[in-house]
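Shown here: my_file-v7.tsv, TSV, C-alpha atoms.
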chain	number	residue	atom	x	y	z
A	172	MET	CA	-19.82	-2.95	9.25
A	173	VAL	CA	-17.42	-3.46	12.12
A	174	SER	CA	-14.53	-1.40	13.45
A	175	ILE	CA	-11.33	-3.18	14.50
A	176	SER	CA	-9.07	-2.16	17.34
A	177	ILE	CA	-5.65	-3.78	17.79
A	178	ARG	CA	-4.22	-2.82	21.16
A	179	ASN	CA	-0.61	-3.47	22.22
A	180	VAL	CA	-0.39	-6.82	20.44
A	181	THR	CA	2.92	-8.65	20.71
A	182	LYS	CA	3.86	-11.92	18.99
A	183	GLN	CA	7.26	-13.58	19.10
A	184	PHE	CA	8.53	-16.36	16.85
A	185	GLY	CA	11.62	-17.76	18.54
A	186	MET	CA	14.04	-14.85	18.86
A	187	ALA	CA	12.21	-12.71	16.27
A	188	LEU	CA	9.38	-10.32	17.09
A	189	GLY	CA	6.54	-10.70	14.59
A	190	LEU	CA	4.57	-7.86	16.20
A	191	ASN	CA	6.09	-5.48	18.74
A	192	ASN	CA	3.51	-3.87	21.05
A	193	PHE	CA	1.46	-3.09	17.95
A	194	SER	CA	-1.63	-0.84	18.07
A	195	LEU	CA	-3.92	0.19	15.21
A	196	GLU	CA	-7.49	1.42	14.71
A	197	ILE	CA	-9.43	0.44	11.57
A	198	LYS	CA	-12.73	2.21	10.97
A	199	ALA	CA	-15.96	0.41	10.17
A	200	GLY	CA	-16.50	0.01	6.44
A	201	GLU	CA	-13.10	1.21	5.27
A	202	LEU	CA	-10.77	-0.60	2.90
A	203	PHE	CA	-7.52	-0.59	4.87
A	204	PHE	CA	-4.15	-1.60	3.42
A	205	LEU	CA	-1.11	-3.02	5.21
A	206	LEU	CA	2.23	-2.40	3.49
A	207	GLY	CA	5.86	-2.97	4.28
A	208	PRO	CA	8.92	-5.00	3.31
A	209	SER	CA	8.97	-8.78	3.53
A	210	GLY	CA	8.99	-9.96	7.14
A	211	CYS	CA	7.60	-6.70	8.55
A	212	GLY	CA	4.57	-8.40	10.15
A	213	LYS	CA	1.75	-7.69	7.67
A	214	THR	CA	0.54	-11.28	7.26
A	215	THR	CA	1.16	-11.99	10.95
A	216	LEU	CA	-1.18	-9.12	11.85
A	217	LEU	CA	-3.77	-10.31	9.34
A	218	ARG	CA	-3.73	-13.82	10.83
A	219	HIS	CA	-4.16	-12.40	14.32
A	220	ILE	CA	-7.26	-10.52	13.18
A	221	ALA	CA	-8.59	-13.70	11.53
A	222	GLY	CA	-7.95	-15.73	14.69
A	223	PHE	CA	-5.41	-18.13	13.17
A	224	ILE	CA	-2.72	-16.89	15.60
A	225	LEU	CA	-3.10	-15.89	19.26
A	226	PRO	CA	-0.95	-13.02	20.61
A	227	GLU	CA	1.35	-13.36	23.61
A	228	LYS	CA	-0.16	-10.16	24.92
A	229	GLY	CA	-2.58	-7.47	23.81
A	230	THR	CA	-6.22	-7.48	22.70
A	231	ILE	CA	-8.20	-7.38	19.46
A	232	LEU	CA	-11.68	-5.84	19.45
A	233	PHE	CA	-14.42	-6.00	16.83
A	234	ASP	CA	-16.49	-2.93	17.69
A	235	HIS	CA	-16.48	-3.25	21.49
A	236	ASP	CA	-16.28	-7.05	21.61
A	237	ASP	CA	-13.01	-8.68	22.68
A	238	VAL	CA	-12.34	-11.39	20.07
A	239	THR	CA	-8.70	-12.05	21.02
A	240	LYS	CA	-9.40	-15.69	21.92
A	241	VAL	CA	-12.53	-16.22	19.82
A	242	PRO	CA	-11.97	-19.03	17.24
A	243	PRO	CA	-11.85	-18.04	13.56
A	244	HIS	CA	-15.23	-19.55	12.59
A	245	ARG	CA	-17.02	-17.42	15.21
A	246	ARG	CA	-15.50	-14.06	14.24
A	247	GLY	CA	-17.57	-13.44	11.10
A	248	THR	CA	-14.48	-13.02	8.94
A	249	ALA	CA	-13.43	-14.39	5.56
A	250	MET	CA	-9.92	-14.70	4.13
A	251	MET	CA	-8.78	-14.64	0.53
A	252	PHE	CA	-5.29	-16.10	0.16
A	253	GLN	CA	-2.53	-15.37	-2.35
A	254	SER	CA	-2.70	-18.97	-3.63
A	255	TYR	CA	-6.56	-18.85	-3.74
A	256	ALA	CA	-6.59	-22.25	-1.87
A	257	LEU	CA	-9.26	-23.75	-4.17
A	258	TRP	CA	-9.95	-27.49	-4.02
A	259	PRO	CA	-9.14	-29.10	-7.40
A	260	HIS	CA	-11.45	-32.09	-6.79
A	261	MET	CA	-14.47	-29.77	-6.46
A	262	ASP	CA	-16.14	-27.75	-9.20
A	263	VAL	CA	-16.69	-23.99	-8.99
A	264	PHE	CA	-20.09	-24.27	-7.29
A	265	GLU	CA	-18.82	-26.73	-4.68
A	266	ASN	CA	-15.80	-24.54	-3.88
A	267	VAL	CA	-17.98	-21.49	-3.31
A	268	ALA	CA	-20.57	-23.47	-1.34
A	269	PHE	CA	-18.07	-25.06	1.03
A	270	GLY	CA	-18.30	-22.40	3.76
A	271	LEU	CA	-22.11	-22.48	3.70
A	272	GLU	CA	-22.15	-26.26	4.03
A	273	GLU	CA	-19.86	-26.00	7.03
A	274	ARG	CA	-22.42	-23.63	8.54
A	275	ARG	CA	-25.15	-26.20	7.78
A	276	CYS	CA	-27.22	-23.90	5.60
A	277	SER	CA	-30.17	-25.44	3.74
A	278	LYS	CA	-29.73	-26.57	0.14
A	279	PRO	CA	-32.11	-23.91	-1.29
A	280	GLU	CA	-30.23	-21.16	0.61
A	281	ILE	CA	-26.88	-22.50	-0.59
A	282	GLU	CA	-28.15	-22.55	-4.18
A	283	ASP	CA	-29.39	-18.95	-3.97
A	284	ARG	CA	-26.34	-17.51	-2.23
A	285	VAL	CA	-23.76	-19.27	-4.40
A	286	THR	CA	-25.59	-18.20	-7.56
A	287	GLU	CA	-25.68	-14.61	-6.34
A	288	ALA	CA	-22.00	-14.64	-5.33
A	289	LEU	CA	-20.94	-15.99	-8.73
A	290	ARG	CA	-23.03	-13.33	-10.44
A	291	LEU	CA	-21.36	-10.58	-8.42
A	292	VAL	CA	-17.87	-11.70	-9.51
A	293	LYS	CA	-19.01	-12.20	-13.14
A	294	MET	CA	-18.78	-15.99	-13.01
A	295	ASP	CA	-22.50	-16.75	-13.37
A	296	GLY	CA	-23.20	-19.85	-15.43
A	297	LEU	CA	-19.79	-21.39	-14.70
A	298	GLY	CA	-20.65	-23.28	-11.53
A	299	SER	CA	-20.07	-26.70	-13.11
A	300	ARG	CA	-16.56	-25.87	-14.37
A	301	GLN	CA	-13.58	-27.66	-12.86
A	302	ILE	CA	-10.94	-25.49	-11.23
A	303	GLN	CA	-8.20	-26.66	-13.61
A	304	GLN	CA	-10.33	-25.45	-16.54
A	305	LEU	CA	-10.22	-21.84	-15.30
A	306	SER	CA	-7.75	-19.08	-16.07
A	307	GLY	CA	-5.84	-17.39	-13.23
A	308	GLY	CA	-8.26	-14.46	-13.28
A	309	GLN	CA	-11.28	-16.77	-13.10
A	310	GLN	CA	-9.77	-18.68	-10.17
A	311	GLN	CA	-9.25	-15.37	-8.41
A	312	ARG	CA	-12.93	-14.54	-8.90
A	313	VAL	CA	-13.99	-17.93	-7.51
A	314	ALA	CA	-11.86	-17.35	-4.41
A	315	LEU	CA	-13.46	-13.93	-3.98
A	316	ALA	CA	-16.96	-15.39	-4.39
A	317	ARG	CA	-16.18	-18.05	-1.75
A	318	ALA	CA	-15.14	-15.29	0.66
A	319	LEU	CA	-18.21	-13.14	-0.03
A	320	VAL	CA	-20.82	-15.92	0.03
A	321	VAL	CA	-20.58	-16.34	3.82
A	322	ARG	CA	-21.47	-12.65	4.21
A	323	PRO	CA	-18.54	-11.78	6.48
A	324	ARG	CA	-18.27	-8.72	8.66
A	325	VAL	CA	-14.58	-8.46	7.81
A	326	LEU	CA	-12.95	-9.45	4.51
A	327	MET	CA	-9.20	-10.07	4.64
A	328	LEU	CA	-7.12	-10.28	1.47
A	329	ASP	CA	-3.52	-11.50	1.52
A	330	GLU	CA	-1.89	-10.33	-1.76
A	331	PRO	CA	-4.87	-11.60	-3.79
A	332	LEU	CA	-3.74	-10.15	-7.14
A	333	SER	CA	-0.06	-11.11	-7.09
A	334	ASN	CA	-0.54	-14.09	-9.44
A	335	LEU	CA	-2.35	-12.12	-12.15
A	336	ASP	CA	-0.91	-10.34	-15.17
A	337	ALA	CA	-0.59	-6.55	-15.10
A	338	LYS	CA	-3.74	-5.80	-17.13
A	339	LEU	CA	-5.97	-8.09	-15.06
A	340	ARG	CA	-4.55	-6.72	-11.80
A	341	ILE	CA	-5.63	-3.21	-12.76
A	342	GLU	CA	-9.08	-4.47	-13.77
A	343	MET	CA	-9.60	-6.37	-10.51
A	344	ARG	CA	-8.52	-3.49	-8.25
A	345	GLN	CA	-11.66	-1.51	-8.88
A	346	GLU	CA	-13.89	-4.60	-8.77
A	347	ILE	CA	-12.64	-5.61	-5.32
A	348	ARG	CA	-13.04	-2.08	-3.97
A	349	GLN	CA	-16.53	-1.80	-5.46
A	350	LEU	CA	-17.63	-5.14	-3.95
A	351	CYS	CA	-16.31	-4.20	-0.50
A	352	LYS	CA	-18.26	-0.93	-0.60
A	353	GLU	CA	-21.37	-2.58	-2.04
A	354	PHE	CA	-21.44	-5.20	0.73
A	355	GLY	CA	-20.53	-2.68	3.45
A	356	LEU	CA	-17.49	-4.72	4.43
A	357	THR	CA	-14.54	-3.71	6.52
A	358	GLY	CA	-11.67	-4.83	4.29
A	359	ILE	CA	-8.05	-5.44	5.31
A	360	TYR	CA	-5.70	-5.91	2.40
A	361	VAL	CA	-2.04	-6.97	2.50
A	362	THR	CA	0.11	-6.10	-0.52
A	363	HIS	CA	3.64	-5.31	-1.68
A	364	ASP	CA	2.26	-3.31	-4.60
A	365	GLN	CA	2.33	0.39	-3.71
A	366	LYS	CA	0.25	1.43	-6.74
A	367	GLU	CA	-2.38	-1.09	-5.71
A	368	ALA	CA	-2.54	0.47	-2.25
A	369	LEU	CA	-2.48	4.08	-3.46
A	370	SER	CA	-5.29	3.47	-5.97
A	371	MET	CA	-7.59	1.39	-3.74
A	372	ALA	CA	-7.12	2.24	-0.07
A	373	ASP	CA	-9.24	4.51	2.10
A	374	ARG	CA	-6.30	4.50	4.50
A	375	LEU	CA	-3.09	2.53	4.75
A	376	ALA	CA	-0.43	1.60	7.28
A	377	VAL	CA	3.27	1.14	6.61
A	378	MET	CA	4.93	-1.44	8.85
A	379	ASP	CA	8.55	-2.36	9.56
A	380	LYS	CA	9.99	-4.94	11.96
A	381	GLY	CA	6.64	-5.51	13.63
A	382	ARG	CA	6.02	-1.83	14.29
A	383	LEU	CA	3.66	0.76	12.85
A	384	MET	CA	5.69	3.40	11.02
A	385	GLN	CA	2.87	5.59	9.64
A	386	VAL	CA	-0.87	5.49	9.04
A	387	GLY	CA	-3.02	7.80	6.92
A	388	THR	CA	-4.75	8.26	3.59
A	389	PRO	CA	-2.72	7.48	0.45
A	390	MET	CA	-2.26	11.21	-0.21
A	391	GLU	CA	-1.11	11.86	3.37
A	392	VAL	CA	1.44	9.04	3.43
A	393	TYR	CA	2.79	9.65	-0.07
A	394	GLY	CA	2.85	13.44	0.24
A	395	ASN	CA	4.07	13.65	3.86
A	396	PRO	CA	6.11	10.56	4.76
A	397	SER	CA	7.08	10.51	8.42
A	398	SER	CA	10.51	8.96	7.86
A	399	LYS	CA	13.09	8.01	5.27
A	400	MET	CA	11.88	4.41	5.43
A	401	VAL	CA	8.29	5.39	4.54
A	402	ALA	CA	9.37	7.81	1.79
A	403	GLU	CA	11.55	5.12	0.22
A	404	PHE	CA	8.94	2.38	0.47
A	405	ILE	CA	5.95	4.34	-0.83
A	406	GLY	CA	7.02	5.29	-4.33
A	407	GLU	CA	10.43	6.34	-5.64
A	408	THR	CA	12.34	9.29	-4.26
A	409	ASN	CA	15.70	11.08	-4.27
A	410	PHE	CA	17.48	11.54	-0.93
A	411	ILE	CA	19.94	14.37	-0.26
A	412	ASP	CA	21.59	14.84	3.13
A	413	GLY	CA	21.99	18.37	4.43
A	414	MET	CA	21.91	20.69	7.44
A	415	ILE	CA	19.35	23.31	8.40
A	416	LYS	CA	20.83	26.75	7.75
A	417	GLN	CA	17.98	29.07	8.71
A	418	PRO	CA	14.22	29.64	8.52
A	419	SER	CA	13.26	30.90	5.07
A	420	TYR	CA	11.51	34.22	4.54
A	421	TYR	CA	8.70	32.06	3.07
A	422	GLU	CA	6.42	31.04	5.93
A	423	GLY	CA	6.85	27.42	6.98
A	424	MET	CA	9.92	26.92	4.77
A	425	TRP	CA	13.57	26.31	5.72
A	426	ASP	CA	16.88	26.82	3.90
A	427	ILE	CA	19.10	23.73	3.90
A	428	GLU	CA	22.81	23.51	3.11
A	429	THR	CA	23.47	20.52	0.83
A	430	PRO	CA	26.27	19.36	-1.50
A	431	CYS	CA	23.98	20.55	-4.31
A	432	GLY	CA	23.82	24.07	-2.89
A	433	ILE	CA	21.22	25.82	-0.74
A	434	LEU	CA	17.82	24.19	-1.17
A	435	ARG	CA	14.51	25.37	0.25
A	436	GLY	CA	11.86	22.98	1.54
A	437	ARG	CA	9.22	22.19	4.13
A	438	PRO	CA	9.19	19.74	7.05
A	439	SER	CA	7.22	16.58	6.37
A	440	GLY	CA	4.55	16.32	9.06
A	441	ASP	CA	4.09	18.46	12.15
A	442	TRP	CA	7.65	18.54	13.52
A	443	GLN	CA	9.90	21.61	13.24
A	444	PRO	CA	13.68	21.33	12.68
A	445	GLY	CA	16.29	23.51	14.37
A	446	VAL	CA	19.19	25.49	12.96
A	447	GLY	CA	22.26	23.28	12.56
A	448	GLN	CA	20.22	20.07	12.65
A	449	PRO	CA	21.28	17.29	10.22
A	450	VAL	CA	18.36	16.32	7.97
A	451	THR	CA	17.58	14.32	4.85
A	452	LEU	CA	15.66	15.82	1.94
A	453	SER	CA	13.21	13.72	-0.06
A	454	ILE	CA	12.36	14.82	-3.62
A	455	ARG	CA	10.06	12.69	-5.78
A	456	PRO	CA	11.31	12.17	-9.38
A	457	GLU	CA	8.01	13.47	-10.81
A	458	ALA	CA	8.41	16.73	-8.83
A	459	LEU	CA	11.55	17.66	-10.78
A	460	HIS	CA	11.13	19.67	-13.99
A	461	LEU	CA	13.49	20.26	-16.87
A	462	ALA	CA	11.47	23.34	-17.86
A	463	GLU	CA	12.05	26.65	-16.06
A	464	LEU	CA	10.05	27.28	-12.89
A	465	ARG	CA	9.73	30.95	-11.94
A	466	ASP	CA	8.74	30.66	-8.27
A	467	THR	CA	11.63	28.57	-6.96
A	468	SER	CA	15.37	28.87	-6.48
A	469	ASN	CA	15.84	25.10	-6.14
A	470	GLN	CA	18.05	24.05	-9.03
A	471	PHE	CA	20.24	21.10	-9.96
A	472	HIS	CA	22.83	21.46	-12.71
A	473	GLY	CA	24.24	18.41	-14.44
A	474	ASN	CA	24.04	16.09	-17.41
A	475	ILE	CA	21.81	13.17	-18.33
A	476	ILE	CA	23.66	9.86	-18.09
A	477	GLU	CA	20.70	7.54	-18.72
A	478	THR	CA	17.33	7.88	-20.49
A	479	THR	CA	14.55	5.29	-20.14
A	480	TYR	CA	11.51	5.58	-22.41
A	481	LEU	CA	8.32	4.07	-20.94
A	482	GLY	CA	5.68	5.33	-23.38
A	483	GLU	CA	3.66	7.75	-21.30
A	484	MET	CA	6.71	8.60	-19.19
A	485	VAL	CA	10.43	9.19	-19.65
A	486	GLN	CA	12.81	8.58	-16.76
A	487	TYR	CA	16.18	10.31	-16.60
A	488	LEU	CA	19.20	9.71	-14.42
A	489	MET	CA	21.09	12.98	-13.93
A	490	SER	CA	24.60	13.36	-12.55
A	491	THR	CA	24.88	16.76	-10.85
A	492	ARG	CA	28.01	18.91	-10.80
A	493	ASP	CA	28.95	17.53	-7.38
A	494	GLY	CA	28.42	13.92	-8.47
A	495	HIS	CA	24.98	13.27	-6.96
A	496	LEU	CA	22.67	11.01	-8.97
A	497	ILE	CA	19.13	12.41	-9.31
A	498	ARG	CA	16.20	10.56	-10.87
A	499	ILE	CA	13.70	12.63	-12.87
A	500	SER	CA	10.35	11.49	-14.34
A	501	GLU	CA	8.55	13.44	-17.06
A	502	MET	CA	5.03	12.60	-18.21
A	503	ASN	CA	4.41	12.77	-21.96
A	504	PRO	CA	7.39	15.06	-22.69
A	505	TYR	CA	7.44	17.01	-25.95
A	506	HIS	CA	11.22	16.67	-26.20
A	507	ILE	CA	13.23	13.68	-24.96
A	508	HIS	CA	16.78	14.35	-23.77
A	509	SER	CA	19.48	11.88	-24.68
A	510	ALA	CA	22.43	10.96	-22.50
A	511	GLY	CA	25.39	13.22	-23.13
A	512	THR	CA	27.78	15.86	-21.83
A	513	GLU	CA	25.52	18.86	-22.41
A	514	GLU	CA	24.66	20.49	-19.07
A	515	ILE	CA	20.99	20.95	-18.28
A	516	THR	CA	19.07	22.31	-15.26
A	517	ALA	CA	16.39	20.55	-13.24
A	518	MET	CA	14.15	22.59	-10.91
A	519	VAL	CA	11.73	21.71	-8.12
A	520	HIS	CA	9.13	23.73	-6.19
A	521	MET	CA	10.01	24.27	-2.54
A	522	GLN	CA	6.73	22.60	-1.47
A	523	ASP	CA	7.99	19.39	-3.12
A	524	VAL	CA	11.26	19.33	-1.13
A	525	LEU	CA	10.42	17.42	2.06
A	526	ILE	CA	12.65	17.71	5.12
A	527	LEU	CA	12.94	14.46	7.08
A	528	ARG	CA	14.61	13.76	10.42
A	529	ARG	CA	17.95	12.09	10.10

Can the structure from this file be put into structure tokens for me?
Amino acid sequence: MVSISIRNVTKQFGMALGLNNFSLEIKAGELFFLLGPSGCGKTTLLRHIAGFILPEKGTILFDHDDVTKVPPHRRGTAMMFQSYALWPHMDVFENVAFGLEERRCSKPEIEDRVTEALRLVKMDGLGSRQIQQLSGGQQQRVALARALVVRPRVLMLDEPLSNLDAKLRIEMRQEIRQLCKEFGLTGIYVTHDQKEALSMADRLAVMDKGRLMQVGTPMEVYGNPSSKMVAEFIGETNFIDGMIKQPSYYEGMWDIETPCGILRGRPSGDWQPGVGQPVTLSIRPEALHLAELRDTSNQFHGNIIETTYLGEMVQYLMSTRDGHLIRISEMNPYHIHSAGTEEITAMVHMQDVLILRR
């Protein structure tokens, strides 16, 4: 296992900043996810860690060793690409063995390690298959075996599941996490898929425009986003602008004046707002209930204008009395509301109303 320290790394591409004085600490043995919109710097950071790109300034440490200018083949890392980057003129065995041959390992060692790697990814017995004979899921497993066979200290994965169908993606999430833990690898995983990150990561970082916006466990980042950008990117949410009216008589809570009436909520994170301060409220769709909640005064009155049935979940779009559109998600509801003019009430606990700086 190896810890990774990125310290004040800056990289510029023409007039655009790929990384802007970027710093991050990744613990030894953790599966760490990088998330953010396209062009935010996720893959650029990954390629710096791998050694494919050198920063204009800043340092990268593996444990206490400065590897900023160490070439990729001497860093003890392995990369799994979105495209898998398998060679079509080689069979499965030859693709997996390529890195070992480059390291001039003996033939018996190559045979043993490739066989073991294929067994770990459930591809044993398929070493003689041609790449074009494999399904997308099998190609993904070959790419993973090729990364694992060199026994890296750090495994980097750049959107490795994006080419798979939904069912296979879910299946492979747990397998990749299990293999990283079994091998004691420090894993760095780039993805656009928030559910992938929330279900797999030990910790994750949200990036934007080459900067670190927030880092924490999935529960910390989802439950306490530090900004509107993070709240919007990690999951779906409803935003309502308002102004702090006063501290609530409930400890740690504040009353906020909004177009939907007075709402009560809590600051997201450690900051404390002030009376009269403009703020934005974030309310997750799944936190809203169409059943009565006794311990909250937070209510929205309106009518359903759209109903979307998703099997285990129903999503509603509500238009409130003041014209705000509120999204509501109900898991396995007993009764499904149809769009219409009948007024209904949605309620939310005050702990689920997050106050964000505006």

For A:Glu463, which of A:Ser370, A:Thr516, A:Gln309, A:Thr388 is the closest residue, counting all atoms listed in the file?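 Looking only at the distances to A:Glu463, the closest residue turns out to be A:Thr516.
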
Which residues are near A:Asp364? Cut-off 9 Å, all atoms listed in the file, ignore same chain within fewer than 6 positions. Put them as a count of residues only. 3

Work out how far atom CA of A:Ala314 is from atom CA of A:Leu339, in Å to one decimal.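 Going from atom CA of A:Leu339 over to atom CA of A:Ala314 covers 15.3 Å.
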
Might you pull out every residue within 10 Å of A:Cys431, with all atoms listed in the file counted and same-chain residues fewer than 5 positions away left off, and present them as a ChimeraX atom specification? /A:411-413,469-472,491-495

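You can rank A:Asp329, A:Glu287, A:Glu227, A:Glu391 by their closest distance to A:Ala256 using only C-alpha atoms, and at the top of that list sits A:Asp329.
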
Compile the contact shell of A:Gly358 as a list in words: residues with an atom at most 7 Å away, counting only C-alpha atoms, same-chain residues fewer than 2 positions apart removed. Glu201, Leu202, Phe203, Val325, Leu326, Met327, Cys351, Leu356 and Tyr360 of chain A

Generate a file of the selected residues that holds C-alpha atoms, formatted as a PDB file, keeping the file's coordinate frame.
ATOM      1  CA  GLU A 201     -13.100   1.210   5.270  1.00  0.00           C
ATOM      2  CA  LEU A 202     -10.770  -0.600   2.900  1.00  0.00           C
ATOM      3  CA  PHE A 203      -7.520  -0.590   4.870  1.00  0.00           C
ATOM      4  CA  VAL A 325     -14.580  -8.460   7.810  1.00  0.00           C
ATOM      5  CA  LEU A 326     -12.950  -9.450   4.510  1.00  0.00           C
ATOM      6  CA  MET A 327      -9.200 -10.070   4.640  1.00  0.00           C
ATOM      7  CA  CYS A 351     -16.310  -4.200  -0.500  1.00  0.00           C
ATOM      8  CA  LEU A 356     -17.490  -4.720   4.430  1.00  0.00           C
ATOM      9  CA  TYR A 360      -5.700  -5.910   2.400  1.00  0.00           C
TER      10      TYR A 360
END

Determine the nearest neighbour of A:Ser209 from the options A:Gly298, A:Gly189, A:Gly440, A:Pro449, counting only C-alpha atoms.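 Nearest candidate to A:Ser209 out of A:Gly298, A:Gly189, A:Gly440, A:Pro449: A:Gly189.
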
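With all atoms listed in the file as the atoms that count, the residue of A:Glu265, A:Asp237, A:Glu457, A:Glu428 with the shortest distance to A:Asp523 is A:Glu457.
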
Need to verify the contact set: stretch 478-483 of chain A, 10 Å, all atoms listed in the file, exclusion of same-chain residues closer than 6 positions in sequence. Can you return it as a count of residues only? 11

Residue with smallest distance to A:Leu328 - pool A:Ser254, A:Gln183, A:Ser397, A:Gln303, counting only C-alpha atoms: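 For A:Leu328, the nearest of the given residues is A:Ser254.
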
Separation of atom CA of A:Gln301 from atom CA of A:Asp262, in Å and rounded to one decimal: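 For atom CA of A:Gln301 relative to atom CA of A:Asp262, the distance reads 4.5 Å.
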
Go through A:Asn334, A:Gln310, A:Gln522, A:Thr429 and flag the residue nearest A:Gly394, using only C-alpha atoms for the distances.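 Of A:Asn334, A:Gln310, A:Gln522, A:Thr429, the one nearest A:Gly394 is A:Gln522, counting only C-alpha atoms.
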
Separation of atom CA of A:Arg300 from atom CA of A:Glu272, in Å and rounded to one decimal: 19.2 Å

Got a sec: who's within 12 Å of A:Met384, counting all atoms listed in the file, leaving out chain neighbours fewer than 6 positions off, as a PDB file with C-alpha atoms, in the coordinates of the input?
ATOM      1  CA  ASN A 191       6.090  -5.480  18.740  1.00  0.00           C
ATOM      2  CA  PHE A 193       1.460  -3.090  17.950  1.00  0.00           C
ATOM      3  CA  SER A 194      -1.630  -0.840  18.070  1.00  0.00           C
ATOM      4  CA  LEU A 195      -3.920   0.190  15.210  1.00  0.00           C
ATOM      5  CA  LEU A 205      -1.110  -3.020   5.210  1.00  0.00           C
ATOM      6  CA  LEU A 206       2.230  -2.400   3.490  1.00  0.00           C
ATOM      7  CA  GLY A 207       5.860  -2.970   4.280  1.00  0.00           C
ATOM      8  CA  PRO A 208       8.920  -5.000   3.310  1.00  0.00           C
ATOM      9  CA  CYS A 211       7.600  -6.700   8.550  1.00  0.00           C
ATOM     10  CA  GLY A 212       4.570  -8.400  10.150  1.00  0.00           C
ATOM     11  CA  LEU A 375      -3.090   2.530   4.750  1.00  0.00           C
ATOM     12  CA  ALA A 376      -0.430   1.600   7.280  1.00  0.00           C
ATOM     13  CA  VAL A 377       3.270   1.140   6.610  1.00  0.00           C
ATOM     14  CA  MET A 378       4.930  -1.440   8.850  1.00  0.00           C
ATOM     15  CA  VAL A 392       1.440   9.040   3.430  1.00  0.00           C
ATOM     16  CA  PRO A 396       6.110  10.560   4.760  1.00  0.00           C
ATOM     17  CA  SER A 397       7.080  10.510   8.420  1.00  0.00           C
ATOM     18  CA  SER A 398      10.510   8.960   7.860  1.00  0.00           C
ATOM     19  CA  LYS A 399      13.090   8.010   5.270  1.00  0.00           C
ATOM     20  CA  MET A 400      11.880   4.410   5.430  1.00  0.00           C
ATOM     21  CA  VAL A 401       8.290   5.390   4.540  1.00  0.00           C
ATOM     22  CA  ALA A 402       9.370   7.810   1.790  1.00  0.00           C
ATOM     23  CA  PHE A 404       8.940   2.380   0.470  1.00  0.00           C
ATOM     24  CA  ILE A 405       5.950   4.340  -0.830  1.00  0.00           C
TER      25      ILE A 405
END

Protein, DNA and RNA residues within 8 Å of (-9.1, -19.4, 19.4), all atoms listed in the file, as a VMD selection string: chain A and resid 222 to 225 239 to 243

For the selection just defined, write its residues with C-alpha atoms to a file, as a CSV table (one decimal), in the coordinates of the input.
chain,number,residue,atom,x,y,z
A,222,GLY,CA,-8.0,-15.7,14.7
A,223,PHE,CA,-5.4,-18.1,13.2
A,224,ILE,CA,-2.7,-16.9,15.6
A,225,LEU,CA,-3.1,-15.9,19.3
A,239,THR,CA,-8.7,-12.0,21.0
A,240,LYS,CA,-9.4,-15.7,21.9
A,241,VAL,CA,-12.5,-16.2,19.8
A,242,PRO,CA,-12.0,-19.0,17.2
A,243,PRO,CA,-11.8,-18.0,13.6

Using all atoms listed in the file - which residues lie no farther than 9 Å from the point (-21.2, -1.5, 17.9) in the file's frame? Write them as a PyMOL selection string. chain A and resi 172-174+233-236
